[in-house]
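A.B. asks: Take a look at the following structure, please.
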Amino acid sequence: MIRIGQAGLGNWGKNLVRNFDELAELTWLCDASAELRDQFAPRYPKVRLTAEFEELLADPDLHAVVVATPVPTHFELAKRALEAGKHVFVEKPPAMRGSEMEELLELARTRGLVLMPGHLLLYHPGVLKLKELVDSGALGEVLCVYGNRQNLGVIRSNENALWSLGVHDLSVILWLIGEEPSEVVAHGRDFLQPGVEDVVFCYLRFPSGKVAHMHLSWLDPHKMRKMTVVGKERMAVFDDMELERKITVYDKAPWEPAETYGEWRTRTGDIFSPKIPNDEPLRLECEHFLRLVADGPGDYREALDGLVVVRALDRLTESLNGR
Ligand SMILES: NC(=O)c1ccc[n+]([C@@H]2O[C@H](COP(=O)([O-])OP(=O)(O)OC[C@H]3O[C@@H](n4cnc5c(N)ncnc54)[C@H](O)[C@@H]3O)[C@@H](O)[C@H]2O)c1
């Protein structure tokens, strides 16, 4: 059984604890908050609790560490865990600079350790179906992809809408397109708190000519978690707010009849929703990490996916800041 220790027992961390407790042997829980440690102690009587990250790293029987602390601490904690010879699952984004993520990847590679960022949506059965539609050619050539992640709230003060919301859509867009953007532009406004953008619009262009867009906002009347892929033959939408119709495929496309000499028309066919399994993405993500720990890190695909996301976030932040 793989022995796991986790740092960060907050709002999201508790979901990871639940899953890893069911799937592996949870042996350490670490949080700076004494109140949280006291809450977790009776629920996990066999687990050792500490405020000191170093204490769990010093356990030679511990195989892997889960980092679910606030974003600015990810790089440092993940680095210390890798240096201590532990496999690492680190919540998204694993670092705040491309160069830091490269350092983590290098460290993991030289020590043969797993480094997996928590890009939850890449384990969502609906997103997996979208990827299958793109890769199988069912949509034809992909022209553009755009994400909508809007709601009224949750208004954060320690990270802006790009970092808090954008990291999810960016991980999906970069995975679907399979290229690093050649051009990125971000515009946004900090309406409520100085320096913390509440509304962000991002444009990305890729070497193949594909383009992508993200609208990220916690000042919006619509609760949207949607990704649209426009292909030359068909179009598909992943809508995470839908309970049953997570994916809709539109058999619609532009059409250039031979007899019209360059004049474009449009074609409209069926609209259908493929069945999507109801599996919990977080459970699939945790299982994937444990499989990597058991079988070895392989080609570091997960860490490389994380690297392109951090690099793109880094560049979008520079654009947002007008540099
Ligand atoms: N994948 C997802 O869908 C998803 C969703 C929400 C949050 N997250 C990520 O999960 C992480 C945690 O988010 P949250 O909402 O649980 O935050 P939170 O603020 O509720 O919890 C963070 C916890 O980390 C603890 N902590 C901080 N520094 C520490 C340290 N050095 N050592 C030990 N403990 C420390 C804090 O005491 C706190 O209890 C963030 O990185 C966030 O981006 C991911």
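FYI, nothing fancy with the structure tokens labels: chains A, B, ... in order, residues from 1 per chain, ligands from 1 as they appear.
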Which residues of chain A come within 10 Å of ligand 1, and what is each one's closest atom pair and distance in Å (one decimal), counting only C-alpha atoms and all ligand atoms, sorted by chain and residue number, as CSV?
C.D. replies:
residue,atom,partner,partner_atom_place_in_ligand_line,distance
A:Gln6,CA,ligand 1,33 (C),8.7
A:Ala7,CA,ligand 1,33 (C),5.1
A:Gly8,CA,ligand 1,24 (O),3.7
A:Leu9,CA,ligand 1,39 (O),4.9
A:Gly10,CA,ligand 1,21 (O),3.3
A:Asn11,CA,ligand 1,16 (O),3.8
A:Trp12,CA,ligand 1,16 (O),3.5
A:Gly13,CA,ligand 1,16 (O),4.7
A:Lys14,CA,ligand 1,16 (O),7.2
A:Asn15,CA,ligand 1,16 (O),8.7
A:Leu16,CA,ligand 1,10 (O),9.2
A:Leu29,CA,ligand 1,33 (C),8.9
A:Cys30,CA,ligand 1,33 (C),5.4
A:Asp31,CA,ligand 1,34 (N),3.5
A:Ala32,CA,ligand 1,34 (N),4.2
A:Ser33,CA,ligand 1,37 (O),4.6
A:Ala34,CA,ligand 1,37 (O),8.3
A:Glu35,CA,ligand 1,39 (O),9.0
A:Leu36,CA,ligand 1,39 (O),6.7
A:Arg37,CA,ligand 1,39 (O),8.9
A:Thr50,CA,ligand 1,33 (C),8.4
A:Ala51,CA,ligand 1,33 (C),6.1
A:Glu52,CA,ligand 1,32 (N),6.6
A:Phe53,CA,ligand 1,32 (N),5.8
A:Glu54,CA,ligand 1,32 (N),9.3
A:Val67,CA,ligand 1,11 (C),7.7
A:Ala68,CA,ligand 1,11 (C),4.3
A:Thr69,CA,ligand 1,24 (O),3.7
A:Pro70,CA,ligand 1,41 (O),4.5
A:Val71,CA,ligand 1,41 (O),4.4
A:Pro72,CA,ligand 1,41 (O),8.1
A:Thr73,CA,ligand 1,31 (N),6.4
A:His74,CA,ligand 1,41 (O),7.1
A:Glu76,CA,ligand 1,31 (N),8.8
A:Leu77,CA,ligand 1,31 (N),7.2
A:Val90,CA,ligand 1,41 (O),7.9
A:Glu91,CA,ligand 1,41 (O),4.9
A:Lys92,CA,ligand 1,43 (O),5.4
A:Pro93,CA,ligand 1,43 (O),6.7
A:Pro94,CA,ligand 1,41 (O),7.9
A:Ala95,CA,ligand 1,41 (O),9.8
A:Pro117,CA,ligand 1,1 (N),9.2
A:Gly118,CA,ligand 1,1 (N),5.6
A:His119,CA,ligand 1,1 (N),6.0
A:Leu120,CA,ligand 1,1 (N),4.9
A:Leu121,CA,ligand 1,3 (O),7.6
A:Asn158,CA,ligand 1,19 (O),9.9
A:Glu159,CA,ligand 1,43 (O),9.3
A:Trp163,CA,ligand 1,43 (O),8.4
A:Ser164,CA,ligand 1,43 (O),6.7
A:Leu165,CA,ligand 1,43 (O),9.1
A:Val167,CA,ligand 1,43 (O),8.9
A:His168,CA,ligand 1,3 (O),7.6
A:Pro281,CA,ligand 1,3 (O),9.5
A:Leu282,CA,ligand 1,1 (N),7.9
A:Glu285,CA,ligand 1,1 (N),9.6
A.B. asks: Residues at most 12 Å from Leu304 in chain A, counting only C-alpha atoms, excluding those fewer than 2 positions away in the same chain, as a VMD selection string?
C.D. replies: chain A and resid 94 98 101 to 106 108 to 109 114 to 117 119 171 174 to 175 178 to 180 297 to 302 306 to 311
A.B. asks: Extract, using only C-alpha atoms, all DNA, RNA and protein residues at most 8 Å from Gly5 in chain A, discarding same-chain residues fewer than 4 positions from it, and format them as an MDAnalysis selection string.
C.D. replies: chainID A and resid 26:30 56 62 64:66
A.B. asks: Can you work out the spacing between CA of Val230 in chain A and CA of Gly126 in chain A in Å, to one decimal?
C.D. replies: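 Separating CA of Val230 in chain A from CA of Gly126 in chain A is a distance of 16.4 Å.
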A.B. asks: What lies within 10 Å of Ile271 in chain A using only C-alpha atoms, ignoring chain neighbours under 2 positions off, as a PDB file with C-alpha atoms, in the first residue's frame?
C.D. replies:
ATOM      1  CA  ARG A 234     -18.494  20.040 -36.391  1.00  0.00           C
ATOM      2  CA  MET A 235     -18.596  21.976 -33.132  1.00  0.00           C
ATOM      3  CA  ALA A 236     -18.665  20.707 -29.551  1.00  0.00           C
ATOM      4  CA  THR A 248     -23.150  18.572 -26.953  1.00  0.00           C
ATOM      5  CA  VAL A 249     -21.939  17.993 -30.498  1.00  0.00           C
ATOM      6  CA  TYR A 250     -23.368  20.243 -33.211  1.00  0.00           C
ATOM      7  CA  ASP A 251     -23.177  18.845 -36.720  1.00  0.00           C
ATOM      8  CA  LYS A 252     -22.934  22.376 -38.117  1.00  0.00           C
ATOM      9  CA  THR A 268     -26.882  22.424 -40.116  1.00  0.00           C
ATOM     10  CA  GLY A 269     -27.382  18.789 -39.126  1.00  0.00           C
ATOM     11  CA  SER A 273     -25.142  14.431 -26.573  1.00  0.00           C
TER      12      SER A 273
END
A.B. asks: Give the answer as one residue: which of A:Ala78, A:Ala294, A:Leu313, A:Ile276 has the shortest atom-to-atom distance to Leu243 in chain A, using only C-alpha atoms?
C.D. replies: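 Under the stated criterion, the closest residue is A:Ile276.
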A.B. asks: Run DSSP on the backbone of this structure and report the residues of range 56-273 of chain A it assigns to alpha helix (DSSP H), as an NGL selection string.
C.D. replies: :A and (56-57 or 71-83 or 98-111 or 125-135 or 161 or 167-177)
A.B. asks: Kindly give the distance, in Å, that separates CA of Met227 in chain A and CA of Phe272 in chain A, rounded to a single decimal.
C.D. replies: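 Computing it gives 16.3 Å between the two atoms.
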A.B. asks: Which residue, A:Glu197, A:Asp38, A:Asp240, A:Asp21, has the smallest gap to Leu219 in chain A when you use only C-alpha atoms?
C.D. replies: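 Of the candidates, the smallest distance to Leu219 in chain A is held by A:Glu197.
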A.B. asks: In Å, rounded to a single decimal, give me how far CA of Gly147 in chain A is from CA of Pro194 in chain A.
C.D. replies: 25.5 Å
A.B. asks: So, with only C-alpha atoms as the atoms that count, which of A:Thr110, A:Asn148, A:Gln193, A:Ser99 lies closest to Thr228 in chain A?
C.D. replies: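 Between A:Thr110, A:Asn148, A:Gln193, A:Ser99, the residue approaching Thr228 in chain A most closely is A:Asn148.
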A.B. asks: Find the residues near range 198-207 of chain A: any atom within 6 Å, counting only C-alpha atoms, skip ones fewer than 6 places away on the same chain, and give them as JSON, numbers by chain.
C.D. replies: {"A": [161, 181, 182, 183, 184, 185, 186, 187, 188, 189, 190, 213, 214, 215, 216, 217, 218]}
A.B. asks: Considering only C-alpha atoms, can you say which of A:Leu128, A:Leu57, A:Leu23, A:Leu49 comes closest to Leu82 in chain A?
C.D. replies: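 Residue with the minimum atom-to-atom distance to Leu82 in chain A: A:Leu57.
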A.B. asks: For Leu113 in chain A, please output as a PDB file with C-alpha atoms, in the first residue's frame all residues within 9 Å (counting only C-alpha atoms; exclusion window: fewer than 6 positions along the same chain).
C.D. replies:
ATOM      1  CA  LEU A  82      11.213  16.090  -4.077  1.00  0.00           C
ATOM      2  CA  GLY A  85      12.910  11.755  -2.176  1.00  0.00           C
ATOM      3  CA  LYS A  86       9.082  11.789  -2.085  1.00  0.00           C
ATOM      4  CA  HIS A  87       6.716  11.532  -5.057  1.00  0.00           C
ATOM      5  CA  VAL A  88       4.653  14.716  -5.280  1.00  0.00           C
ATOM      6  CA  LEU A 107      14.444  17.693  -9.860  1.00  0.00           C
ATOM      7  CA  VAL A 293       3.671   6.175  -7.988  1.00  0.00           C
ATOM      8  CA  GLY A 296       6.847   4.969 -12.310  1.00  0.00           C
ATOM      9  CA  PRO A 297       6.628   8.484 -13.718  1.00  0.00           C
TER      10      PRO A 297
END
A.B. asks: Let me make sure I understand: among A:Ala303, A:Val196, A:Ile247, A:Leu152, which one has the smallest atom-to-atom distance to Lys129 in chain A if we use only C-alpha atoms?
C.D. replies: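 Smallest separation from Lys129 in chain A among the options: A:Ile247.
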A.B. asks: As a list in words, please: the residues near Glu287 in chain A (cut-off 9 Å, only C-alpha atoms, same-chain neighbours under 3 positions excluded).
C.D. replies: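 Residues meeting the cut-off are Asn19, Phe20, Leu23, Leu282, Arg283, Leu284, Leu290, Arg291 and Leu292 of chain A.
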A.B. asks: If you run DSSP on the backbone here, which positions in range 4-241 of chain A get strand (DSSP E or B)? Please write them as a ChimeraX atom specification.
C.D. replies: /A:4-7,25-30,48-50,64-67,87-91,115-118,142-152,183-189,193,196,199-205,211-217,219-231,235-239
